[in-house]
Amino acid sequence: MKRRVLTEPKPVRVALILVSLAFLAVSLVLPLALVFVEAFSKGAAAYAAAIREPMALSALRLTLLTAAIAVPANLVFGLAASWAIAKFDFWGKNALITLIDLPFAVSPVISGMIFILLFGRLGTFGPFLQGHDIKIVFAIPGIVLATVFVTFPFVARELIPVMQASGSEEEEAARVLGASGWQLFWRVTLPNVKWGLLYGVILCNARAMGEFGAVSVVSGHIRGKTNTLPLHVEILYNEYQFQAAFAAASLLAFLALVTLLAKSFIEWQTGRRASAGSVENEA
Amino acid sequence: MNSNRKAFLAVALAVGLARSAYAADATLLNVSYDPTRELYSEYNAAFARYWQGKTGKTVEIQQSHGGSGKQARAVIDGLEADVLTLALAYDVDEVGKSGLFAADWQKKLPNNSAPYTSTIVFLVRKGNPKGIKDWNDLVKPGTSVVTPNPKTSGGARWNYLAAWGYALRQPGGNEQKARAFVTALFKNVPVLDSGARGSTNTFVQRGIGDVLLAWENEAYLSVNELGPDKVEIVTPSVSILAEPPVAVVDKVVDKKGTRAVAQAYLEYLYSPEGQEIAARHYYRPRLAAVAQKYAGRFGKAPLFTIDEVFGGWAKAQKAHFDDGGVFDQIYQPSK
Amino acid sequence: MSSVVLKRHSVLPGFGLTVGYTLLYLSLIVLLPLSTLAFKSSSLGFDAFWTTVSSARVVASYKLTFGASLAAATINAFFGLIVAWVLARYTFPGRRLVDAIVDLPFALPTAVAGIALTTLYSENGWLGAPLARMGVKVAFTPLGITLALTFIGLPFVVRTLQPVIDELDPELEEAAASLGASRAQTLFRVVLPALLPAWLTGFALAFARCLGEYGSVVFIAGNMPMRTEITPLLIITKLEQYDYPGATAIAVVMLVASFVLLLGINLLQSWSGRRLAA
């Protein structure tokens, strides 16, 4: 990174840095620290016991399973959508982007409710599902659907700007040289956007594992069966098992931290590549 | 796409593994309300032993807990509960109305299908610094009362009706005075959590409020769980007889073929062992012998029933808790 | 192309496939489920719909939800600008770590955030206790709701501003300085206007996210009708009273508000995209 000549006077810089750090410390670090302090408030043994409890494990399993379905589904969608949006101009593109963003601004409560309205016993498809003995809501498919809905925009949203920025020239050149569509995608496009893609996947995954509101509406809260880890936290909290609740919460917070570390590693990589790329372009 | 297929295979495998972990002859789902967690985790084990001894078959009982109304809503929408054990008859009625069982469910088991009862008591800070003895102490200015929201919590509806019934039974009591009394009471409420457990946490953990209106069993449980050095129980001069009802969900048990075990599950609640477990968890037993044994646990104050004072749940719900009812009017701007 | 969608000619393949799949998946996962809201609430009829969504208690919840979201987004806009500037322009020990932690609210489950914030700000909490001694109540007041929403919305302003600050052409600032502008003048007259579209976008994103937030707020809100009851909670309340049309009616209002906000954001972005390109 090249040294900037123009900047603010040192006292201003220091003051701004301190304000930033203070703001982030109070609003982000304190809540996070509290989770871990409470989780270990009864010692490491109690912590380990809370984590290894069968209900906690089954909740963790369900959470991972949900993410394992929701993330690939939205990954494929994100690739298709960003290809269509970044590489082509068509009528109604802005409206399409807005619609893709929509789940992101819909209240989680509403996200859960719509699947009840569709697949609940008294819902639109209720009689059909009852007749064929297919369970969607209050079972794993409902939890997965609600999670897919709330994490719907993440990959697409990260990919669209990256694909737009990388332009279509390379693909067009490859096309002229006779590359097939898939070759072009695997050999040219994917390497160009892979870091953006990974970032999107990581954010999508984080949200998929942490979703509470929407999943709470469709879960049915059957212990050991349809409780995800965030729901398990709430249940423990309601059972006066505060330390265990925070222990389970710390597991989620830990997953969040790993996610953030992976993300910042990716950004570091992208930053290196981007600066290398820009040098090439300028030359 | 190959990796995608692998992911799906892995998922299918994981689901398969999760399934095979449960291998009981029958599985029941008991959909219940918040405060019964501890009660049913003990009772389920006892019933499974009893059932295996009697029939040689194993049964696994799954539990789901939450606010009573929320749980009823989930069952209406398709949560396949074999049995309901909810906080109040109104919620069970609503499930029945949606076509899952007949309207006469309350006649299917003894005692209005309520195997145990409870009432509403006060939880105050250790040493009772505000000197709270009875309902009329709750409306004094400067007294802060914690109760959940009657719109979302079954227990809170019992709280509300108990206060109303008390005011009605005072000398010269009438509907207007009861309404004024309940209005004054809710003026003293700083937080309305959505469920009973939320309110207990607010009162005990967060240190908010001078008095918590709670289920008797919840009050005892929180004294035990959260510290006898922090809170104590006050029994008011009169309160309401809360009858948390149970019911078999006909449509579900017929579909799953679990009617016999579901029926036995609820009936066993009335047995000496079932009643003992209920009493141990501070629910008032119906069986005289067990009631006598645990008589020292429970207050002696007279209790009125919802049928006596309000003419049943349907009427009480409509007048007080439906949208636009008395409870909503309390919170309307005074103009 | 036999496609009904008008598009500019391109040599690249896959338009039909990707647009087709995008529209199909979007319709199945998002549009079809959301359309049931309109369908269900239409069973009310216009008068009943209007009565539901304009009753005093619901209106009070809109005011609270919009007010607290607006306040939280404003706080985030102010501090987010400073944080983004500091992260993009200054070097100091631990900058990478600070940069990573900004995304925490994206990754931390909202229920965990809600429980942690309530514990922190209740009158016996780490921050709540000293604040209570100063006579400031946070938990179970609109202030607490605002703080929870500030937590939720924090990354949006920072993350939309950061790349724009990074790409800001230093020549602009140098030119302003060489023309004799002071540093403050350069910042307020040159830099800030260039950041404005991204700043507004970040603000609007944070605002939109806060409007629907539920998990982190219910714990700290207090849920008092007319005072600390947020709109998503009212939807849940209606659901639990088996009032589906009422719940969906309020949901439709929220949905329209979100859609309008998002459309505004996307227009803003394409406007700023054109400005940057020019």
# chains A, B, ... in the order shown; residues from 1 in each chain; ligands from 1

call {"tool": "closest_atom_pairs", "arguments": {"of": "chain B", "to": "chain C", "cutoff": "7 Å", "atoms": "only C-alpha atoms", "output": "tab-separated table"}}
result
residue	atom	partner	partner_atom	distance
B:Gly69	CA	C:Glu240	CA	5.3
B:Lys70	CA	C:Glu240	CA	5.1
B:Arg73	CA	C:Glu240	CA	6.1
B:Lys151	CA	C:Thr237	CA	6.8
B:Thr152	CA	C:Thr237	CA	6.0
B:Val191	CA	C:Gly222	CA	4.6
B:Leu192	CA	C:Asn223	CA	5.3
B:Asp193	CA	C:Gly222	CA	6.1
B:Arg206	CA	C:Ser122	CA	5.8
B:Gly207	CA	C:Asn124	CA	6.9
B:Tyr331	CA	C:Pro225	CA	6.4

call {"tool": "write_last_selection", "arguments": {"atoms": "C-alpha atoms", "output": "PDB file, in the first residue's frame"}}
result
ATOM      1  CA  GLY B  69     -51.145 -20.075  22.487  1.00  0.00           C
ATOM      2  CA  LYS B  70     -48.092 -20.501  20.298  1.00  0.00           C
ATOM      3  CA  ARG B  73     -51.251 -22.551  16.909  1.00  0.00           C
ATOM      4  CA  LYS B 151     -52.421 -11.769  24.807  1.00  0.00           C
ATOM      5  CA  THR B 152     -49.598 -14.259  24.345  1.00  0.00           C
ATOM      6  CA  VAL B 191     -42.533  -5.066  31.305  1.00  0.00           C
ATOM      7  CA  LEU B 192     -44.885  -7.480  29.559  1.00  0.00           C
ATOM      8  CA  ASP B 193     -42.865 -10.486  28.479  1.00  0.00           C
ATOM      9  CA  ARG B 206     -32.879  -8.695  35.812  1.00  0.00           C
ATOM     10  CA  GLY B 207     -34.056  -7.528  39.212  1.00  0.00           C
ATOM     11  CA  TYR B 331     -53.861   0.291  26.874  1.00  0.00           C
TER      12      TYR B 331
END

call {"tool": "interface_residues", "arguments": {"of": "chain B", "to": "chain A", "cutoff": "7 Å", "atoms": "only C-alpha atoms", "output": "VMD selection string"}}
result
chain B and resid 4 11 62 to 65 74 76 to 79 197 to 198

call {"tool": "write_last_selection", "arguments": {"atoms": "C-alpha atoms", "output": "PDB file, in the first residue's frame"}}
result
ATOM      1  CA  ASN B   4     -23.578 -30.747  -5.094  1.00  0.00           C
ATOM      2  CA  VAL B  11     -27.396 -34.868   3.855  1.00  0.00           C
ATOM      3  CA  GLN B  62     -40.862 -36.264  22.625  1.00  0.00           C
ATOM      4  CA  GLN B  63     -41.522 -32.890  24.168  1.00  0.00           C
ATOM      5  CA  SER B  64     -42.226 -29.492  22.745  1.00  0.00           C
ATOM      6  CA  HIS B  65     -42.623 -26.490  25.038  1.00  0.00           C
ATOM      7  CA  ALA B  74     -48.456 -24.906  15.856  1.00  0.00           C
ATOM      8  CA  ILE B  76     -53.506 -26.295  14.371  1.00  0.00           C
ATOM      9  CA  ASP B  77     -51.014 -25.660  11.583  1.00  0.00           C
ATOM     10  CA  GLY B  78     -49.845 -29.237  11.481  1.00  0.00           C
ATOM     11  CA  LEU B  79     -47.433 -29.980  14.321  1.00  0.00           C
ATOM     12  CA  ARG B 197     -40.620 -17.920  31.763  1.00  0.00           C
ATOM     13  CA  GLY B 198     -39.621 -14.580  30.290  1.00  0.00           C
TER      14      GLY B 198
END

call {"tool": "residues_around", "arguments": {"residues": "Asn159 of chain B", "least_positions_apart": "3", "cutoff": "8 Å", "atoms": "only C-alpha atoms", "output": "PyMOL selection string"}}
result
chain B and resi 120+147+155-156+162-163+213-214

call {"tool": "atom_distance", "arguments": {"atom1": "atom CA of Val58 of chain C", "atom2": "atom CA of Ile145 of chain C"}}
result
17.0 Å

call {"tool": "closest_residue", "arguments": {"among": "A:Val176, A:Ala206, A:Val29, A:Leu251", "to": "chain C", "atoms": "only C-alpha atoms"}}
result
A:Ala206

call {"tool": "residues_around", "arguments": {"residues": "segment 11-22 of chain A", "least_positions_apart": "3", "cutoff": "9 Å", "atoms": "only C-alpha atoms", "output": "VMD selection string"}}
result
(chain A and resid 7 to 8 25 to 27) or (chain C and resid 79 to 80 82 to 87 90 92 98)

call {"tool": "residues_around", "arguments": {"residues": "segment 219-234 of chain B", "least_positions_apart": "4", "cutoff": "6 Å", "atoms": "only C-alpha atoms", "output": "NGL selection string"}}
result
:B and (122-126 or 214)

call {"tool": "residues_around", "arguments": {"residues": "Glu172 of chain A", "least_positions_apart": "2", "cutoff": "12 Å", "atoms": "only C-alpha atoms", "output": "PyMOL selection string"}}
result
(chain A and resi 87+167-170+174-181+184-185+188-189) or (chain C and resi 10-13)

call {"tool": "write_last_selection", "arguments": {"atoms": "all heavy atoms", "output": "compact mmCIF listing (two decimals), in the first residue's frame"}}
result
# COMPACT_ATOMS: atom_id res chain seq x y z
N LYS A 87 -23.77 -10.25 -17.00
CA LYS A 87 -23.27 -10.42 -18.36
C LYS A 87 -24.25 -9.95 -19.43
O LYS A 87 -23.89 -9.85 -20.60
CB LYS A 87 -22.93 -11.90 -18.62
CG LYS A 87 -21.96 -12.52 -17.63
CD LYS A 87 -20.56 -11.92 -17.72
CE LYS A 87 -19.63 -12.57 -16.71
NZ LYS A 87 -18.39 -11.79 -16.53
N GLY A 167 -16.04 -7.60 -15.71
CA GLY A 167 -16.33 -7.36 -17.12
C GLY A 167 -16.53 -8.63 -17.92
O GLY A 167 -16.42 -9.75 -17.40
N SER A 168 -16.85 -8.49 -19.20
CA SER A 168 -17.13 -9.65 -20.04
C SER A 168 -16.07 -9.87 -21.11
O SER A 168 -16.17 -10.80 -21.89
CB SER A 168 -18.49 -9.47 -20.73
OG SER A 168 -19.49 -9.26 -19.78
N GLU A 169 -15.04 -9.01 -21.16
CA GLU A 169 -14.08 -9.08 -22.27
C GLU A 169 -13.40 -10.44 -22.34
O GLU A 169 -13.30 -11.04 -23.40
CB GLU A 169 -13.02 -7.98 -22.16
CG GLU A 169 -13.54 -6.57 -22.42
CD GLU A 169 -14.13 -5.94 -21.18
OE1 GLU A 169 -14.15 -6.62 -20.13
OE2 GLU A 169 -14.56 -4.78 -21.24
N GLU A 170 -12.94 -10.93 -21.16
CA GLU A 170 -12.21 -12.20 -21.18
C GLU A 170 -13.08 -13.32 -21.69
O GLU A 170 -12.66 -14.15 -22.50
CB GLU A 170 -11.70 -12.54 -19.77
CG GLU A 170 -10.54 -11.66 -19.34
CD GLU A 170 -10.05 -12.03 -17.94
OE1 GLU A 170 -9.81 -13.23 -17.72
OE2 GLU A 170 -9.94 -11.13 -17.09
N ALA A 174 -12.61 -15.64 -25.01
CA ALA A 174 -12.59 -17.10 -24.95
C ALA A 174 -13.64 -17.68 -25.88
O ALA A 174 -13.40 -18.69 -26.57
CB ALA A 174 -12.84 -17.56 -23.52
N ARG A 175 -14.79 -17.04 -25.94
CA ARG A 175 -15.89 -17.50 -26.79
C ARG A 175 -15.47 -17.47 -28.26
O ARG A 175 -15.70 -18.42 -29.00
CB ARG A 175 -17.09 -16.59 -26.56
CG ARG A 175 -18.35 -17.02 -27.26
CD ARG A 175 -18.85 -18.30 -26.67
NE ARG A 175 -20.15 -18.65 -27.22
CZ ARG A 175 -20.66 -19.85 -27.16
NH1 ARG A 175 -19.98 -20.81 -26.59
NH2 ARG A 175 -21.84 -20.11 -27.67
N VAL A 176 -14.83 -16.35 -28.62
CA VAL A 176 -14.39 -16.20 -30.00
C VAL A 176 -13.36 -17.27 -30.34
O VAL A 176 -13.33 -17.82 -31.45
CB VAL A 176 -13.79 -14.78 -30.22
CG1 VAL A 176 -13.14 -14.68 -31.60
CG2 VAL A 176 -14.89 -13.74 -30.08
N LEU A 177 -12.53 -17.62 -29.33
CA LEU A 177 -11.52 -18.65 -29.55
C LEU A 177 -12.12 -20.06 -29.53
O LEU A 177 -11.40 -21.04 -29.63
CB LEU A 177 -10.41 -18.54 -28.50
CG LEU A 177 -9.56 -17.27 -28.61
CD1 LEU A 177 -8.61 -17.15 -27.44
CD2 LEU A 177 -8.79 -17.25 -29.93
N GLY A 178 -13.43 -20.15 -29.32
CA GLY A 178 -14.10 -21.44 -29.48
C GLY A 178 -14.36 -22.21 -28.20
O GLY A 178 -14.66 -23.39 -28.25
N ALA A 179 -14.27 -21.55 -27.06
CA ALA A 179 -14.55 -22.25 -25.80
C ALA A 179 -16.05 -22.51 -25.69
O ALA A 179 -16.86 -21.69 -26.12
CB ALA A 179 -14.06 -21.43 -24.62
N SER A 180 -16.41 -23.65 -25.09
CA SER A 180 -17.83 -23.92 -24.87
C SER A 180 -18.29 -23.13 -23.65
O SER A 180 -17.47 -22.60 -22.89
CB SER A 180 -18.05 -25.40 -24.62
OG SER A 180 -17.68 -25.72 -23.29
N GLY A 181 -19.59 -23.09 -23.47
CA GLY A 181 -20.14 -22.33 -22.34
C GLY A 181 -19.59 -22.78 -21.00
O GLY A 181 -19.18 -21.97 -20.19
N LEU A 184 -15.88 -21.98 -20.52
CA LEU A 184 -15.74 -20.56 -20.28
C LEU A 184 -16.05 -20.24 -18.81
O LEU A 184 -15.33 -19.48 -18.15
CB LEU A 184 -16.75 -19.93 -21.21
CG LEU A 184 -16.85 -18.49 -21.46
CD1 LEU A 184 -17.03 -18.36 -22.95
CD2 LEU A 184 -18.08 -18.00 -20.79
N PHE A 185 -17.10 -20.89 -18.32
CA PHE A 185 -17.50 -20.63 -16.95
C PHE A 185 -16.45 -21.15 -15.96
O PHE A 185 -16.02 -20.45 -15.05
CB PHE A 185 -18.85 -21.28 -16.68
CG PHE A 185 -19.29 -21.18 -15.26
CD1 PHE A 185 -19.77 -19.97 -14.76
CD2 PHE A 185 -19.20 -22.27 -14.40
CE1 PHE A 185 -20.16 -19.87 -13.45
CE2 PHE A 185 -19.59 -22.17 -13.09
CZ PHE A 185 -20.07 -20.96 -12.60
N VAL A 188 -12.67 -19.44 -16.98
CA VAL A 188 -12.48 -17.98 -17.03
C VAL A 188 -13.23 -17.27 -15.91
O VAL A 188 -12.64 -16.56 -15.09
CB VAL A 188 -12.90 -17.40 -18.40
CG1 VAL A 188 -12.64 -15.91 -18.44
CG2 VAL A 188 -12.17 -18.12 -19.52
N THR A 189 -14.55 -17.49 -15.86
CA THR A 189 -15.36 -16.71 -14.93
C THR A 189 -15.08 -17.08 -13.48
O THR A 189 -14.79 -16.22 -12.65
CB THR A 189 -16.85 -16.92 -15.23
OG1 THR A 189 -17.06 -16.73 -16.61
CG2 THR A 189 -17.69 -15.95 -14.44
N SER C 10 -25.59 -10.37 -27.17
CA SER C 10 -24.30 -10.65 -26.56
C SER C 10 -23.79 -11.97 -27.12
O SER C 10 -24.57 -12.84 -27.46
CB SER C 10 -24.44 -10.76 -25.04
OG SER C 10 -23.29 -11.34 -24.49
N VAL C 11 -22.46 -12.11 -27.22
CA VAL C 11 -21.93 -13.36 -27.75
C VAL C 11 -21.89 -14.44 -26.67
O VAL C 11 -21.70 -15.61 -26.95
CB VAL C 11 -20.49 -13.19 -28.31
CG1 VAL C 11 -20.50 -12.22 -29.48
CG2 VAL C 11 -19.53 -12.75 -27.23
N LEU C 12 -22.07 -14.04 -25.41
CA LEU C 12 -21.94 -15.02 -24.33
C LEU C 12 -23.16 -15.93 -24.27
O LEU C 12 -24.28 -15.49 -24.50
CB LEU C 12 -21.76 -14.30 -23.00
CG LEU C 12 -20.46 -13.51 -22.87
CD1 LEU C 12 -20.40 -12.84 -21.51
CD2 LEU C 12 -19.26 -14.42 -23.08
N PRO C 13 -22.95 -17.20 -23.96
CA PRO C 13 -24.06 -18.14 -23.88
C PRO C 13 -24.71 -18.14 -22.50
O PRO C 13 -24.22 -17.47 -21.58
CB PRO C 13 -23.37 -19.48 -24.12
CG PRO C 13 -22.02 -19.30 -23.49
CD PRO C 13 -21.65 -17.84 -23.68

call {"tool": "closest_atom_pairs", "arguments": {"of": "segment 90-207 of chain C", "to": "segment 147-164 of chain A", "cutoff": "12 Å", "atoms": "only C-alpha atoms", "output": "tab-separated table"}}
result
residue	atom	partner	partner_atom	distance
C:Phe106	CA	A:Phe154	CA	11.0
C:Arg159	CA	A:Glu158	CA	11.9
C:Thr160	CA	A:Glu158	CA	11.9
C:Pro163	CA	A:Pro161	CA	11.8

call {"tool": "closest_residue", "arguments": {"among": "C:Ala38, C:Ala100, C:Leu161, C:Val59", "to": "chain A", "atoms": "only C-alpha atoms"}}
result
C:Ala100

call {"tool": "select_by_dssp", "arguments": {"residues": "segment 14-227 of chain A", "states": "helix (DSSP H, G or I)", "output": "ChimeraX atom specification"}}
result
/A:14-39,43-52,54-87,93-105,108-119,126-131,140-150,153-166,169-176,181-210,213-219

call {"tool": "closest_residue", "arguments": {"among": "A:Pro31, A:Pro141, A:Gly131, A:Pro191", "to": "chain C", "atoms": "only C-alpha atoms"}}
result
A:Pro31

call {"tool": "residues_around", "arguments": {"residues": "Lys42 of chain A", "least_positions_apart": "4", "cutoff": "8 Å", "atoms": "only C-alpha atoms", "output": "mmCIF file with C-alpha atoms, in the first residue's frame"}}
result
data_model
loop_
_atom_site.group_PDB
_atom_site.id
_atom_site.type_symbol
_atom_site.label_atom_id
_atom_site.label_comp_id
_atom_site.auth_asym_id
_atom_site.auth_seq_id
_atom_site.Cartn_x
_atom_site.Cartn_y
_atom_site.Cartn_z
ATOM 1 C CA ALA A 46 -19.720 -27.322 33.317
ATOM 2 C CA TYR A 47 -19.028 -25.800 29.934
ATOM 3 C CA GLN A 243 -24.716 -21.010 31.975
#

call {"tool": "closest_residue", "arguments": {"among": "C:Asp47, C:Leu70, C:Leu149, C:Ala184", "to": "Thr110 of chain C", "atoms": "only C-alpha atoms"}}
result
C:Leu149

call {"tool": "select_by_dssp", "arguments": {"residues": "segment 71-254 of chain B", "states": "strand (DSSP E or B)", "output": "number ranges by chain"}}
result
B: 83-85, 116-118, 120-125, 145-146, 211-215, 231-234, 239-240, 242, 246-248
